[in-house]
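Asks: File target-v5.cif follows (mmCIF, N, CA and C atoms):
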data_work
#
loop_
_atom_site.label_atom_id
_atom_site.label_comp_id
_atom_site.auth_asym_id
_atom_site.auth_seq_id
_atom_site.Cartn_x
_atom_site.Cartn_y
_atom_site.Cartn_z
N MET A 1 0.85 -1.18 0.00
CA MET A 1 0.00 0.00 0.00
C MET A 1 0.89 1.24 0.00
N SER A 2 0.59 2.18 -0.88
CA SER A 2 1.37 3.41 -0.91
C SER A 2 0.96 4.32 0.24
N TYR A 3 1.88 5.15 0.65
CA TYR A 3 1.64 6.06 1.77
C TYR A 3 0.56 7.07 1.42
N GLN A 4 -0.39 7.24 2.30
CA GLN A 4 -1.47 8.21 2.11
C GLN A 4 -1.28 9.34 3.12
N ALA A 5 -0.77 10.44 2.64
CA ALA A 5 -0.54 11.58 3.53
C ALA A 5 -1.84 12.30 3.86
N LYS A 6 -1.96 12.72 5.10
CA LYS A 6 -3.09 13.55 5.50
C LYS A 6 -2.54 14.96 5.65
N THR A 7 -2.99 15.86 4.82
CA THR A 7 -2.41 17.22 4.82
C THR A 7 -3.41 18.27 5.27
N ASN A 8 -4.54 17.83 5.81
CA ASN A 8 -5.55 18.81 6.24
C ASN A 8 -5.82 18.74 7.74
N TRP A 9 -4.78 18.50 8.52
CA TRP A 9 -4.93 18.43 9.97
C TRP A 9 -5.38 19.80 10.51
N THR A 10 -6.19 19.75 11.54
CA THR A 10 -6.55 20.97 12.28
C THR A 10 -6.16 20.78 13.73
N PHE A 11 -6.19 21.86 14.48
CA PHE A 11 -5.71 21.84 15.85
C PHE A 11 -6.42 20.80 16.72
N HIS A 12 -7.69 20.62 16.57
CA HIS A 12 -8.45 19.72 17.45
C HIS A 12 -8.67 18.32 16.87
N ASP A 13 -8.02 18.00 15.76
CA ASP A 13 -8.17 16.65 15.19
C ASP A 13 -7.57 15.62 16.15
N PRO A 14 -8.31 14.54 16.42
CA PRO A 14 -7.74 13.48 17.25
C PRO A 14 -6.74 12.66 16.44
N VAL A 15 -5.67 12.25 17.10
CA VAL A 15 -4.70 11.36 16.48
C VAL A 15 -5.10 9.95 16.89
N THR A 16 -5.38 9.13 15.89
CA THR A 16 -5.88 7.79 16.18
C THR A 16 -4.78 6.75 15.98
N GLU A 17 -5.09 5.55 16.42
CA GLU A 17 -4.19 4.42 16.21
C GLU A 17 -3.94 4.21 14.72
N TYR A 18 -4.96 4.38 13.93
CA TYR A 18 -4.84 4.26 12.47
C TYR A 18 -3.81 5.25 11.93
N ASP A 19 -3.86 6.50 12.41
CA ASP A 19 -2.91 7.52 11.94
C ASP A 19 -1.47 7.13 12.26
N ILE A 20 -1.23 6.70 13.48
CA ILE A 20 0.13 6.35 13.90
C ILE A 20 0.62 5.13 13.13
N ASN A 21 -0.23 4.13 12.94
CA ASN A 21 0.15 2.96 12.15
C ASN A 21 0.46 3.34 10.71
N ARG A 22 -0.29 4.29 10.17
CA ARG A 22 -0.05 4.77 8.81
C ARG A 22 1.31 5.46 8.73
N TRP A 23 1.63 6.27 9.71
CA TRP A 23 2.93 6.94 9.74
C TRP A 23 4.06 5.92 9.81
N GLU A 24 3.93 4.99 10.72
CA GLU A 24 4.98 3.99 10.91
C GLU A 24 5.18 3.15 9.64
N GLN A 25 4.08 2.80 8.98
CA GLN A 25 4.19 2.03 7.74
C GLN A 25 4.86 2.86 6.66
N GLY A 26 4.55 4.14 6.60
CA GLY A 26 5.20 5.03 5.63
C GLY A 26 6.70 5.11 5.87
N ILE A 27 7.09 5.19 7.13
CA ILE A 27 8.52 5.24 7.47
C ILE A 27 9.20 3.91 7.08
N ALA A 28 8.56 2.80 7.42
CA ALA A 28 9.12 1.48 7.08
C ALA A 28 9.24 1.32 5.57
N ASP A 29 8.21 1.71 4.83
CA ASP A 29 8.25 1.60 3.37
C ASP A 29 9.37 2.46 2.77
N ALA A 30 9.56 3.66 3.33
CA ALA A 30 10.61 4.55 2.83
C ALA A 30 11.99 3.92 3.05
N HIS A 31 12.20 3.30 4.21
CA HIS A 31 13.48 2.65 4.48
C HIS A 31 13.71 1.46 3.55
N THR A 32 12.68 0.71 3.26
CA THR A 32 12.79 -0.41 2.33
C THR A 32 13.16 0.10 0.94
N GLN A 33 12.51 1.15 0.51
CA GLN A 33 12.79 1.69 -0.82
C GLN A 33 14.21 2.26 -0.88
N ILE A 34 14.67 2.90 0.17
CA ILE A 34 16.04 3.42 0.20
C ILE A 34 17.04 2.28 0.08
N ALA A 35 16.80 1.18 0.79
CA ALA A 35 17.69 0.02 0.71
C ALA A 35 17.73 -0.54 -0.70
N GLU A 36 16.58 -0.64 -1.35
CA GLU A 36 16.53 -1.15 -2.73
C GLU A 36 17.26 -0.21 -3.68
N LEU A 37 17.06 1.09 -3.54
CA LEU A 37 17.73 2.06 -4.41
C LEU A 37 19.24 2.07 -4.17
N THR A 38 19.65 1.90 -2.92
CA THR A 38 21.08 1.83 -2.61
C THR A 38 21.72 0.64 -3.31
N ALA A 39 21.04 -0.50 -3.28
CA ALA A 39 21.56 -1.69 -3.97
C ALA A 39 21.61 -1.46 -5.47
N ASP A 40 20.59 -0.82 -6.03
CA ASP A 40 20.57 -0.54 -7.47
C ASP A 40 21.72 0.38 -7.87
N VAL A 41 21.95 1.43 -7.09
CA VAL A 41 23.03 2.38 -7.39
C VAL A 41 24.38 1.67 -7.29
N SER A 42 24.55 0.83 -6.29
CA SER A 42 25.80 0.09 -6.13
C SER A 42 26.04 -0.83 -7.33
N ASN A 43 24.99 -1.50 -7.77
CA ASN A 43 25.09 -2.38 -8.94
C ASN A 43 25.46 -1.58 -10.18
N LEU A 44 24.81 -0.44 -10.38
CA LEU A 44 25.13 0.39 -11.55
C LEU A 44 26.56 0.91 -11.49
N LYS A 45 27.02 1.26 -10.29
CA LYS A 45 28.40 1.73 -10.13
C LYS A 45 29.38 0.63 -10.51
N THR A 46 29.12 -0.59 -10.07
CA THR A 46 29.98 -1.72 -10.41
C THR A 46 29.98 -1.96 -11.91
N ARG A 47 28.80 -1.92 -12.52
CA ARG A 47 28.70 -2.14 -13.97
C ARG A 47 29.45 -1.06 -14.74
N MET A 48 29.31 0.19 -14.31
CA MET A 48 29.98 1.30 -14.99
C MET A 48 31.50 1.18 -14.85
N ASN A 49 31.97 0.84 -13.66
CA ASN A 49 33.41 0.68 -13.46
C ASN A 49 33.95 -0.46 -14.33
N THR A 50 33.19 -1.55 -14.44
CA THR A 50 33.60 -2.66 -15.29
C THR A 50 33.66 -2.23 -16.74
N LEU A 51 32.65 -1.53 -17.19
CA LEU A 51 32.63 -1.05 -18.57
C LEU A 51 33.79 -0.11 -18.85
N GLU A 52 34.01 0.84 -17.95
CA GLU A 52 35.11 1.79 -18.15
C GLU A 52 36.46 1.10 -18.15
N SER A 53 36.61 0.05 -17.35
CA SER A 53 37.90 -0.63 -17.29
C SER A 53 38.19 -1.44 -18.55
N THR A 54 37.17 -1.73 -19.35
CA THR A 54 37.40 -2.48 -20.59
C THR A 54 37.78 -1.58 -21.75
N LEU A 55 37.62 -0.29 -21.59
CA LEU A 55 37.95 0.66 -22.66
C LEU A 55 39.39 1.11 -22.50
N PRO A 56 40.22 0.89 -23.52
CA PRO A 56 41.62 1.31 -23.41
C PRO A 56 41.75 2.82 -23.36
N ASP A 57 42.39 3.30 -22.32
CA ASP A 57 42.65 4.73 -22.12
C ASP A 57 41.37 5.55 -22.26
N GLY A 58 40.27 5.04 -21.71
CA GLY A 58 39.03 5.78 -21.77
C GLY A 58 38.44 5.86 -23.17
N PHE A 59 38.89 5.06 -24.07
CA PHE A 59 38.42 4.93 -25.45
C PHE A 59 38.48 6.24 -26.23
N THR A 60 37.89 7.31 -25.72
CA THR A 60 37.91 8.57 -26.48
C THR A 60 39.31 9.14 -26.57
N ARG A 61 40.20 8.75 -25.69
CA ARG A 61 41.58 9.23 -25.74
C ARG A 61 42.53 8.13 -26.22
N ASN A 62 41.97 7.07 -26.79
CA ASN A 62 42.80 5.97 -27.28
C ASN A 62 43.53 6.42 -28.55
N ASN A 63 44.82 6.27 -28.54
CA ASN A 63 45.62 6.66 -29.70
C ASN A 63 46.04 5.41 -30.46
N PHE A 64 45.50 5.26 -31.64
CA PHE A 64 45.90 4.18 -32.53
C PHE A 64 46.60 4.84 -33.70
N ASN A 65 47.88 4.64 -33.78
CA ASN A 65 48.67 5.28 -34.83
C ASN A 65 49.17 4.22 -35.81
N ASP A 66 48.98 4.49 -37.07
CA ASP A 66 49.47 3.59 -38.12
C ASP A 66 49.74 4.45 -39.35
N ASP A 67 50.84 4.19 -40.00
CA ASP A 67 51.14 4.98 -41.20
C ASP A 67 50.46 4.41 -42.44
N LEU A 68 49.79 3.29 -42.32
CA LEU A 68 49.02 2.67 -43.39
C LEU A 68 49.87 2.28 -44.59
N SER A 69 51.18 2.09 -44.38
CA SER A 69 52.07 1.78 -45.49
C SER A 69 51.82 0.39 -46.08
N THR A 70 51.21 -0.50 -45.33
CA THR A 70 50.96 -1.85 -45.84
C THR A 70 49.54 -2.04 -46.36
N VAL A 71 48.74 -0.99 -46.34
CA VAL A 71 47.35 -1.08 -46.79
C VAL A 71 47.29 -0.72 -48.27
N SER A 72 46.66 -1.60 -49.06
CA SER A 72 46.57 -1.33 -50.50
C SER A 72 45.31 -0.53 -50.84
N SER A 73 44.28 -0.64 -50.03
CA SER A 73 43.09 0.18 -50.23
C SER A 73 42.35 0.31 -48.90
N ILE A 74 41.62 1.40 -48.77
CA ILE A 74 40.89 1.64 -47.53
C ILE A 74 39.65 2.47 -47.86
N THR A 75 38.56 2.19 -47.17
CA THR A 75 37.34 2.97 -47.32
C THR A 75 37.03 3.58 -45.96
N VAL A 76 36.98 4.89 -45.90
CA VAL A 76 36.65 5.59 -44.66
C VAL A 76 35.16 5.88 -44.66
N LEU A 77 34.45 5.33 -43.66
CA LEU A 77 33.01 5.54 -43.57
C LEU A 77 32.66 6.81 -42.80
N ARG A 78 33.46 7.11 -41.81
CA ARG A 78 33.23 8.32 -41.01
C ARG A 78 34.56 8.86 -40.54
N GLY A 79 34.63 10.15 -40.39
CA GLY A 79 35.83 10.76 -39.87
C GLY A 79 35.85 12.25 -40.16
N PHE A 80 36.88 12.91 -39.66
CA PHE A 80 37.04 14.33 -39.93
C PHE A 80 38.51 14.69 -39.79
N TYR A 81 38.87 15.80 -40.40
CA TYR A 81 40.23 16.28 -40.29
C TYR A 81 40.32 17.21 -39.09
N ASN A 82 41.19 16.88 -38.16
CA ASN A 82 41.39 17.67 -36.95
C ASN A 82 42.50 18.67 -37.25
N GLU A 83 42.10 19.91 -37.57
CA GLU A 83 43.09 20.93 -37.94
C GLU A 83 44.02 21.25 -36.79
N ALA A 84 43.51 21.29 -35.58
CA ALA A 84 44.33 21.67 -34.43
C ALA A 84 45.51 20.71 -34.25
N GLN A 85 45.28 19.43 -34.57
CA GLN A 85 46.37 18.44 -34.40
C GLN A 85 46.86 17.89 -35.73
N SER A 86 46.42 18.49 -36.82
CA SER A 86 46.85 18.13 -38.18
C SER A 86 46.78 16.63 -38.43
N ARG A 87 45.58 16.07 -38.21
CA ARG A 87 45.42 14.64 -38.43
C ARG A 87 44.00 14.29 -38.81
N LEU A 88 43.88 13.16 -39.48
CA LEU A 88 42.58 12.62 -39.83
C LEU A 88 42.13 11.71 -38.69
N GLU A 89 40.93 11.90 -38.22
CA GLU A 89 40.39 11.07 -37.16
C GLU A 89 39.20 10.30 -37.70
N VAL A 90 39.32 8.96 -37.66
CA VAL A 90 38.25 8.11 -38.20
C VAL A 90 37.75 7.17 -37.14
#
Can you give me the file's structure in the form of structure tokens?
Replies:
Amino acid sequence: MSYQAKTNWTFHDPVTEYDINRWEQGIADAHTQIAELTADVSNLKTRMNTLESTLPDGFTRNNFNDDLSTVSSITVLRGFYNEAQSRLEV
């Protein structure tokens, strides 16, 4: 059961056993949800660290240098000329 907040309390409203049980259940449910979310975040952190560790030098900074002297033909599907570093990046 989801928490049902009562937001229209007045000064003379009696606090019943039902109200207190509702509060306590809301607190218990919130703690359960926090524990589940903590486990999910920990799992995602582990997965991200594993993924990052498989990428050489962070992948985006991976330097693969080849003068292509042994290649007889090549087709470039994507790339651009990096003027700042005077190189073709594919």
Asks: Can you work out the spacing between atom CA of Ala28 of chain A and atom CA of Tyr3 of chain A in Å, to one decimal?
Replies: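 Between atom CA of Ala28 of chain A and atom CA of Tyr3 of chain A the gap works out to 10.3 Å.
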Asks: Would you mind telling me which residue in A:Asn82, A:Ser2, A:Thr10, A:Asn43 lies nearest to Trp23 of chain A when using only C-alpha atoms?
Replies: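 The closest residue to Trp23 of chain A is A:Ser2.
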Asks: Can you measure atom CA of Tyr18 of chain A to atom CA of Ile34 of chain A for me? One decimal in Å is fine.
Replies: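 Taking atom CA of Tyr18 of chain A as the start and atom CA of Ile34 of chain A as the end point, the length is 24.2 Å.
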Asks: Quick one: residues within 6 Å of Val90 of chain A, all atoms listed in the file counted, chain neighbours fewer than 6 positions away excluded, as a list in words?
Replies: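 These residues fall inside the cut-off: Arg78, Gly79 and Phe80 of chain A.
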Asks: Would you mind exporting N, CA and C atoms of the selected residues as a PDB file, in the coordinates of the input?
Replies:
ATOM      1  N   ARG A  78      33.460   7.110 -41.810  1.00  0.00           N
ATOM      2  CA  ARG A  78      33.230   8.320 -41.010  1.00  0.00           C
ATOM      3  C   ARG A  78      34.560   8.860 -40.540  1.00  0.00           C
ATOM      4  N   GLY A  79      34.630  10.150 -40.390  1.00  0.00           N
ATOM      5  CA  GLY A  79      35.830  10.760 -39.870  1.00  0.00           C
ATOM      6  C   GLY A  79      35.850  12.250 -40.160  1.00  0.00           C
ATOM      7  N   PHE A  80      36.880  12.910 -39.660  1.00  0.00           N
ATOM      8  CA  PHE A  80      37.040  14.330 -39.930  1.00  0.00           C
ATOM      9  C   PHE A  80      38.510  14.690 -39.790  1.00  0.00           C
TER      10      PHE A  80
END
Asks: Please measure the separation of atom C of Arg47 of chain A and atom N of Glu89 of chain A, giving the value in Å to one decimal.
Replies: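 So the two atoms, atom C of Arg47 of chain A and atom N of Glu89 of chain A, lie 29.2 Å apart.
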Asks: Run DSSP on the backbone and give me the residues of chain A it puts in strand (DSSP E or B), as a PDB file with N, CA and C atoms, in the coordinates of the input.
Replies:
ATOM      1  N   PHE A  80      36.880  12.910 -39.660  1.00  0.00           N
ATOM      2  CA  PHE A  80      37.040  14.330 -39.930  1.00  0.00           C
ATOM      3  C   PHE A  80      38.510  14.690 -39.790  1.00  0.00           C
ATOM      4  N   TYR A  81      38.870  15.800 -40.400  1.00  0.00           N
ATOM      5  CA  TYR A  81      40.230  16.280 -40.290  1.00  0.00           C
ATOM      6  C   TYR A  81      40.320  17.210 -39.090  1.00  0.00           C
ATOM      7  N   ASN A  82      41.190  16.880 -38.160  1.00  0.00           N
ATOM      8  CA  ASN A  82      41.390  17.670 -36.950  1.00  0.00           C
ATOM      9  C   ASN A  82      42.500  18.670 -37.250  1.00  0.00           C
ATOM     10  N   ARG A  87      45.580  16.070 -38.210  1.00  0.00           N
ATOM     11  CA  ARG A  87      45.420  14.640 -38.430  1.00  0.00           C
ATOM     12  C   ARG A  87      44.000  14.290 -38.810  1.00  0.00           C
ATOM     13  N   LEU A  88      43.880  13.160 -39.480  1.00  0.00           N
ATOM     14  CA  LEU A  88      42.580  12.620 -39.830  1.00  0.00           C
ATOM     15  C   LEU A  88      42.130  11.710 -38.690  1.00  0.00           C
ATOM     16  N   GLU A  89      40.930  11.900 -38.220  1.00  0.00           N
ATOM     17  CA  GLU A  89      40.390  11.070 -37.160  1.00  0.00           C
ATOM     18  C   GLU A  89      39.200  10.300 -37.700  1.00  0.00           C
TER      19      GLU A  89
END
Asks: Could all heavy atoms be built for segment 8-19 of chain A and written out as a compact mmCIF listing (two decimals), in the frame of the given file?
Replies:
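And here is the file that came out, part-v3.txt:
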# COMPACT_ATOMS: atom_id res chain seq x y z
N ASN A 8 -4.54 17.83 5.81
CA ASN A 8 -5.55 18.81 6.24
C ASN A 8 -5.82 18.74 7.74
O ASN A 8 -6.94 18.89 8.20
CB ASN A 8 -6.85 18.60 5.45
CG ASN A 8 -7.44 17.21 5.67
OD1 ASN A 8 -6.79 16.33 6.20
ND2 ASN A 8 -8.67 17.02 5.25
N TRP A 9 -4.78 18.50 8.52
CA TRP A 9 -4.93 18.43 9.97
C TRP A 9 -5.38 19.80 10.51
O TRP A 9 -4.97 20.84 10.02
CB TRP A 9 -3.60 18.06 10.63
CG TRP A 9 -3.16 16.65 10.41
CD1 TRP A 9 -2.32 16.20 9.44
CD2 TRP A 9 -3.54 15.52 11.18
NE1 TRP A 9 -2.16 14.85 9.55
CE2 TRP A 9 -2.88 14.40 10.62
CE3 TRP A 9 -4.36 15.34 12.29
CZ2 TRP A 9 -3.02 13.12 11.14
CZ3 TRP A 9 -4.48 14.06 12.81
CH2 TRP A 9 -3.83 12.96 12.23
N THR A 10 -6.19 19.75 11.54
CA THR A 10 -6.55 20.97 12.28
C THR A 10 -6.16 20.78 13.73
O THR A 10 -5.86 19.67 14.18
CB THR A 10 -8.06 21.27 12.17
OG1 THR A 10 -8.80 20.22 12.77
CG2 THR A 10 -8.48 21.45 10.71
N PHE A 11 -6.19 21.86 14.48
CA PHE A 11 -5.71 21.84 15.85
C PHE A 11 -6.42 20.80 16.72
O PHE A 11 -5.80 20.14 17.53
CB PHE A 11 -5.85 23.24 16.48
CG PHE A 11 -5.32 23.30 17.88
CD1 PHE A 11 -3.95 23.30 18.10
CD2 PHE A 11 -6.18 23.34 18.97
CE1 PHE A 11 -3.45 23.35 19.40
CE2 PHE A 11 -5.69 23.40 20.25
CZ PHE A 11 -4.32 23.41 20.47
N HIS A 12 -7.69 20.62 16.57
CA HIS A 12 -8.45 19.72 17.45
C HIS A 12 -8.67 18.32 16.87
O HIS A 12 -9.41 17.53 17.45
CB HIS A 12 -9.81 20.35 17.80
CG HIS A 12 -9.67 21.59 18.63
ND1 HIS A 12 -9.23 21.58 19.92
CD2 HIS A 12 -9.88 22.89 18.33
CE1 HIS A 12 -9.19 22.80 20.40
NE2 HIS A 12 -9.59 23.63 19.43
N ASP A 13 -8.02 18.00 15.76
CA ASP A 13 -8.17 16.65 15.19
C ASP A 13 -7.57 15.62 16.15
O ASP A 13 -6.45 15.78 16.62
CB ASP A 13 -7.45 16.54 13.85
CG ASP A 13 -8.22 17.14 12.71
OD1 ASP A 13 -9.39 17.48 12.90
OD2 ASP A 13 -7.63 17.27 11.62
N PRO A 14 -8.31 14.54 16.42
CA PRO A 14 -7.74 13.48 17.25
C PRO A 14 -6.74 12.66 16.44
O PRO A 14 -6.91 12.45 15.23
CB PRO A 14 -8.95 12.63 17.62
CG PRO A 14 -9.92 12.85 16.51
CD PRO A 14 -9.69 14.26 16.03
N VAL A 15 -5.67 12.25 17.10
CA VAL A 15 -4.70 11.36 16.48
C VAL A 15 -5.10 9.95 16.89
O VAL A 15 -5.15 9.62 18.07
CB VAL A 15 -3.27 11.68 16.94
CG1 VAL A 15 -2.27 10.69 16.36
CG2 VAL A 15 -2.89 13.10 16.56
N THR A 16 -5.38 9.13 15.89
CA THR A 16 -5.88 7.79 16.18
C THR A 16 -4.78 6.75 15.98
O THR A 16 -3.72 7.03 15.43
CB THR A 16 -7.06 7.44 15.26
OG1 THR A 16 -6.57 7.36 13.92
CG2 THR A 16 -8.17 8.47 15.35
N GLU A 17 -5.09 5.55 16.42
CA GLU A 17 -4.19 4.42 16.21
C GLU A 17 -3.94 4.21 14.72
O GLU A 17 -2.83 3.92 14.30
CB GLU A 17 -4.84 3.18 16.82
CG GLU A 17 -4.00 1.95 16.83
CD GLU A 17 -4.72 0.82 17.53
OE1 GLU A 17 -4.81 0.84 18.77
OE2 GLU A 17 -5.19 -0.08 16.80
N TYR A 18 -4.96 4.38 13.93
CA TYR A 18 -4.84 4.26 12.47
C TYR A 18 -3.81 5.25 11.93
O TYR A 18 -2.97 4.90 11.09
CB TYR A 18 -6.21 4.48 11.80
CG TYR A 18 -6.11 4.57 10.30
CD1 TYR A 18 -6.01 3.42 9.51
CD2 TYR A 18 -6.09 5.81 9.66
CE1 TYR A 18 -5.89 3.50 8.14
CE2 TYR A 18 -5.98 5.90 8.28
CZ TYR A 18 -5.87 4.75 7.53
OH TYR A 18 -5.75 4.84 6.16
N ASP A 19 -3.86 6.50 12.41
CA ASP A 19 -2.91 7.52 11.94
C ASP A 19 -1.47 7.13 12.26
O ASP A 19 -0.59 7.21 11.40
CB ASP A 19 -3.22 8.88 12.58
CG ASP A 19 -4.55 9.45 12.14
OD1 ASP A 19 -4.90 9.31 10.96
OD2 ASP A 19 -5.24 10.04 13.01
